[in-house]
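Structure record follows, encoded as structure tokens.
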Amino acid sequence: MKKIVLVTCSLLLFISCKKENSEIKPETITPKYASFGDKISADSVITSQEMLEKYNNLKEGDTLNVKFTAKIKAVCQKKGCWMNLVLSDTKDAFVRFKDYGFFMPKNASGSEAIVSGKAFVSVETVAELKHYAKDAGKSKAAIDSIVSPKTNFSFTANGVLIKQ
């Protein structure tokens, strides 16, 4: 009888020491964002490449409500009142903020941003282009070299998230 109890206890001890699955499962890490303007979420966002395709299908006067993500190329160095977002190697989107109601940090260049608002195509006058070049800290020679209007991919953001 002692042998049966000893074997049973040994068997139970052996089974209870069964190795658990100790694989480390990666956690879903939610990036942190600094929020500006209206509160927006980081979901249902299209890429900068998808946004470029949408811009290419817009005509002057058309608007499109959209939320997309892109890298910040430049920010106004006077107040942070505008920024350029990279759509491709040769195309940018010029972003202003709804009702001049909020500004971007002047050191945000190079950060990833999510913008929500209205996309449209605009034609900027020479005077506007020179003003923006001055705000961006361009040289006098660069400012003086602006001699013709430019068709621009524009965006009025009501909310912005900048990845921290």
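Going through the structure tokens in order, the chains are called A, B, and so on, while each chain numbers its residues from 1 and the ligands are numbered from 1 in the order shown.
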
When you look at Asp38 of chain A with a cut-off of 12 Å (counting only C-alpha atoms), what residues show up, excluding the ones that are within fewer than 5 positions of it in the same chain? I need them as a PyMOL selection string. chain A and resi 97-99+101-103+115-117+157-161

Could you turn the residues from that selection into a file that holds N, CA, C and O atoms, as a compact mmCIF listing (two decimals), in the first residue's frame?
```txt
# COMPACT_ATOMS: atom_id res chain seq x y z
N PHE A 97 -3.77 75.96 -39.73
CA PHE A 97 -4.59 75.47 -38.65
C PHE A 97 -5.89 76.26 -38.56
O PHE A 97 -5.89 77.49 -38.65
N LYS A 98 -6.98 75.52 -38.41
CA LYS A 98 -8.33 76.08 -38.45
C LYS A 98 -8.46 77.32 -37.56
O LYS A 98 -8.11 77.29 -36.38
N ASP A 99 -8.95 78.39 -38.16
CA ASP A 99 -9.21 79.65 -37.45
C ASP A 99 -7.98 80.20 -36.73
O ASP A 99 -8.10 80.94 -35.76
N GLY A 101 -6.27 78.83 -34.74
CA GLY A 101 -6.60 78.53 -33.35
C GLY A 101 -5.55 77.80 -32.55
O GLY A 101 -5.66 77.70 -31.33
N PHE A 102 -4.53 77.26 -33.20
CA PHE A 102 -3.47 76.57 -32.47
C PHE A 102 -2.22 76.58 -33.33
O PHE A 102 -2.27 76.88 -34.53
N PHE A 103 -1.09 76.26 -32.71
CA PHE A 103 0.20 76.31 -33.39
C PHE A 103 0.99 75.04 -33.10
O PHE A 103 0.73 74.34 -32.13
N VAL A 115 -2.80 64.40 -39.15
CA VAL A 115 -3.60 65.61 -39.28
C VAL A 115 -5.01 65.23 -39.71
O VAL A 115 -5.21 64.31 -40.48
N SER A 116 -5.99 65.96 -39.18
CA SER A 116 -7.38 65.74 -39.54
C SER A 116 -7.95 67.08 -39.97
O SER A 116 -7.75 68.10 -39.29
N GLY A 117 -8.66 67.08 -41.10
CA GLY A 117 -9.24 68.33 -41.58
C GLY A 117 -9.62 68.26 -43.05
O GLY A 117 -10.01 67.21 -43.54
N ALA A 157 -6.05 72.03 -41.01
CA ALA A 157 -6.17 71.04 -39.94
C ALA A 157 -7.03 71.57 -38.80
O ALA A 157 -6.87 72.71 -38.38
N ASN A 158 -7.95 70.73 -38.34
CA ASN A 158 -8.70 71.08 -37.13
C ASN A 158 -8.10 70.39 -35.90
O ASN A 158 -8.37 70.76 -34.78
N GLY A 159 -7.29 69.37 -36.14
CA GLY A 159 -6.61 68.66 -35.07
C GLY A 159 -5.35 68.01 -35.57
O GLY A 159 -5.29 67.56 -36.72
N VAL A 160 -4.33 67.94 -34.72
CA VAL A 160 -3.04 67.36 -35.07
C VAL A 160 -2.53 66.52 -33.91
O VAL A 160 -2.66 66.94 -32.74
N LEU A 161 -1.98 65.38 -34.23
CA LEU A 161 -1.25 64.56 -33.25
C LEU A 161 0.19 64.47 -33.72
O LEU A 161 0.44 64.19 -34.89
```

Please identify all polymer residues within 10 Å of segment 81-95 of chain A, counting only C-alpha atoms, omitting same-chain residues fewer than 5 positions from it, and present them as a PyMOL selection string. chain A and resi 47-53+55+69-76+100-106+108-115+117-122+132+135-136+152-157

Please produce an output containing N, CA and C atoms for each residue in the selection, written as a tab-separated table (two decimals), in the first residue's frame.
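Output saved as out-v3.tsv:
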```tsv
chain	number	residue	atom	x	y	z
A	47	THR	N	-2.17	56.72	-45.37
A	47	THR	CA	-0.75	57.03	-45.48
A	47	THR	C	-0.54	58.28	-46.33
A	48	SER	N	0.66	58.80	-46.30
A	48	SER	CA	0.99	59.96	-47.13
A	48	SER	C	0.92	59.62	-48.62
A	49	GLN	N	1.26	58.39	-48.99
A	49	GLN	CA	1.17	57.98	-50.39
A	49	GLN	C	-0.30	57.94	-50.85
A	50	GLU	N	-1.17	57.42	-50.00
A	50	GLU	CA	-2.60	57.42	-50.34
A	50	GLU	C	-3.14	58.84	-50.42
A	51	MET	N	-2.64	59.73	-49.56
A	51	MET	CA	-3.08	61.12	-49.60
A	51	MET	C	-2.61	61.80	-50.88
A	52	LEU	N	-1.41	61.50	-51.33
A	52	LEU	CA	-0.90	62.06	-52.58
A	52	LEU	C	-1.81	61.68	-53.75
A	53	GLU	N	-2.25	60.43	-53.78
A	53	GLU	CA	-3.18	59.99	-54.84
A	53	GLU	C	-4.48	60.79	-54.78
A	55	TYR	N	-4.85	63.87	-53.55
A	55	TYR	CA	-4.55	65.22	-54.01
A	55	TYR	C	-4.47	65.28	-55.54
A	69	THR	N	-1.43	60.52	-42.16
A	69	THR	CA	-0.17	60.62	-41.42
A	69	THR	C	0.96	60.92	-42.39
A	70	ALA	N	1.91	61.72	-41.93
A	70	ALA	CA	3.07	62.07	-42.75
A	70	ALA	C	4.17	62.62	-41.84
A	71	LYS	N	5.36	62.70	-42.39
A	71	LYS	CA	6.50	63.28	-41.67
A	71	LYS	C	6.48	64.79	-41.84
A	72	ILE	N	6.78	65.51	-40.77
A	72	ILE	CA	6.83	66.97	-40.82
A	72	ILE	C	8.17	67.38	-41.43
A	73	LYS	N	8.08	68.14	-42.53
A	73	LYS	CA	9.28	68.60	-43.22
A	73	LYS	C	9.77	69.94	-42.64
A	74	ALA	N	8.82	70.85	-42.39
A	74	ALA	CA	9.18	72.18	-41.88
A	74	ALA	C	8.03	72.76	-41.09
A	75	VAL	N	8.37	73.66	-40.16
A	75	VAL	CA	7.38	74.36	-39.33
A	75	VAL	C	7.74	75.84	-39.35
A	76	CYS	N	6.73	76.70	-39.35
A	76	CYS	CA	6.96	78.14	-39.28
A	76	CYS	C	7.83	78.45	-38.06
A	100	TYR	N	-6.78	79.79	-37.19
A	100	TYR	CA	-5.54	80.25	-36.57
A	100	TYR	C	-5.59	79.95	-35.07
A	101	GLY	N	-6.27	78.83	-34.74
A	101	GLY	CA	-6.60	78.53	-33.35
A	101	GLY	C	-5.55	77.80	-32.55
A	102	PHE	N	-4.53	77.26	-33.20
A	102	PHE	CA	-3.47	76.57	-32.47
A	102	PHE	C	-2.22	76.58	-33.33
A	103	PHE	N	-1.09	76.26	-32.71
A	103	PHE	CA	0.20	76.31	-33.39
A	103	PHE	C	0.99	75.04	-33.10
A	104	MET	N	1.98	74.78	-33.94
A	104	MET	CA	2.86	73.63	-33.76
A	104	MET	C	4.13	74.06	-33.05
A	105	PRO	N	4.77	73.12	-32.34
A	105	PRO	CA	6.07	73.43	-31.76
A	105	PRO	C	7.07	73.71	-32.90
A	106	LYS	N	7.89	74.72	-32.74
A	106	LYS	CA	8.83	75.10	-33.80
A	106	LYS	C	9.90	74.04	-34.04
A	108	ALA	N	9.30	70.76	-34.29
A	108	ALA	CA	8.61	69.52	-34.66
A	108	ALA	C	9.09	68.90	-35.97
A	109	SER	N	9.94	69.60	-36.71
A	109	SER	CA	10.44	69.04	-37.99
A	109	SER	C	11.06	67.67	-37.76
A	110	GLY	N	10.75	66.75	-38.67
A	110	GLY	CA	11.27	65.39	-38.57
A	110	GLY	C	10.36	64.44	-37.82
A	111	SER	N	9.36	64.97	-37.11
A	111	SER	CA	8.42	64.13	-36.35
A	111	SER	C	7.33	63.59	-37.26
A	112	GLU	N	6.71	62.50	-36.84
A	112	GLU	CA	5.54	61.95	-37.53
A	112	GLU	C	4.30	62.64	-36.98
A	113	ALA	N	3.41	63.03	-37.89
A	113	ALA	CA	2.19	63.72	-37.47
A	113	ALA	C	0.97	63.04	-38.10
A	114	ILE	N	-0.14	63.16	-37.42
A	114	ILE	CA	-1.44	62.79	-37.95
A	114	ILE	C	-2.25	64.07	-37.98
A	115	VAL	N	-2.80	64.40	-39.15
A	115	VAL	CA	-3.60	65.61	-39.28
A	115	VAL	C	-5.01	65.23	-39.71
A	117	GLY	N	-8.66	67.08	-41.10
A	117	GLY	CA	-9.24	68.33	-41.58
A	117	GLY	C	-9.62	68.26	-43.05
A	118	LYS	N	-9.46	69.40	-43.75
A	118	LYS	CA	-9.87	69.52	-45.14
A	118	LYS	C	-8.67	69.67	-46.06
A	119	ALA	N	-8.61	68.81	-47.07
A	119	ALA	CA	-7.57	68.88	-48.09
A	119	ALA	C	-8.14	69.61	-49.30
A	120	PHE	N	-7.30	70.42	-49.94
A	120	PHE	CA	-7.71	71.12	-51.16
A	120	PHE	C	-6.47	71.53	-51.94
A	121	VAL	N	-6.68	71.87	-53.20
A	121	VAL	CA	-5.61	72.35	-54.06
A	121	VAL	C	-5.76	73.86	-54.15
A	122	SER	N	-4.63	74.59	-53.97
A	122	SER	CA	-4.69	76.04	-54.03
A	122	SER	C	-3.56	76.56	-54.92
A	132	TYR	N	5.86	83.20	-46.84
A	132	TYR	CA	6.14	81.90	-46.23
A	132	TYR	C	7.64	81.62	-46.20
A	135	ASP	N	9.08	83.57	-43.34
A	135	ASP	CA	8.74	82.91	-42.08
A	135	ASP	C	9.60	81.66	-41.84
A	136	ALA	N	9.96	80.99	-42.93
A	136	ALA	CA	10.76	79.76	-42.81
A	136	ALA	C	12.23	80.06	-42.59
A	152	ASN	N	-0.40	74.38	-55.15
A	152	ASN	CA	0.02	73.75	-53.91
A	152	ASN	C	-1.04	72.79	-53.39
A	153	PHE	N	-0.59	71.70	-52.77
A	153	PHE	CA	-1.49	70.83	-52.04
A	153	PHE	C	-1.63	71.42	-50.66
A	154	SER	N	-2.82	71.87	-50.31
A	154	SER	CA	-3.05	72.58	-49.05
A	154	SER	C	-3.94	71.77	-48.14
A	155	PHE	N	-3.90	72.12	-46.85
A	155	PHE	CA	-4.66	71.40	-45.85
A	155	PHE	C	-4.98	72.35	-44.71
A	156	THR	N	-6.22	72.37	-44.28
A	156	THR	CA	-6.61	73.11	-43.08
A	156	THR	C	-6.92	72.08	-42.00
A	157	ALA	N	-6.05	72.03	-41.01
A	157	ALA	CA	-6.17	71.04	-39.94
A	157	ALA	C	-7.03	71.57	-38.80
```

Could you find all residues in segment 57-142 of chain A that DSSP calls helix (DSSP H, G or I) from the backbone, and write them as a ChimeraX atom specification? /A:98-100,126-135,140-142

Just list as an MDAnalysis selection string whatever in chain A DSSP marks as strand (DSSP E or B). chainID A and resid 33:37 46 63:75 82:86 92:97 112:124 150:163

Polymer residues at most 9 Å from Ala34 of chain A, only C-alpha atoms, same-chain spacing of 2 or more positions, as a compact mmCIF listing (two decimals) with C-alpha atoms, in the first residue's frame:
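The result, written out as part.txt:
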```
# COMPACT_ATOMS: atom_id res chain seq x y z
CA LYS A 32 2.13 58.44 -27.40
CA PHE A 36 -3.06 70.13 -30.78
CA VAL A 160 -3.04 67.36 -35.07
CA LEU A 161 -1.25 64.56 -33.25
CA ILE A 162 2.55 64.54 -33.14
CA LYS A 163 4.23 61.28 -32.24
CA GLN A 164 6.46 61.66 -29.19
```

Pick out the residues sitting within 10 Å of Asp43 of chain A, and hand them over as a PyMOL selection string; count only C-alpha atoms, and ignore anything fewer than 3 positions along from it in its own chain. chain A and resi 40+46+67-68+114
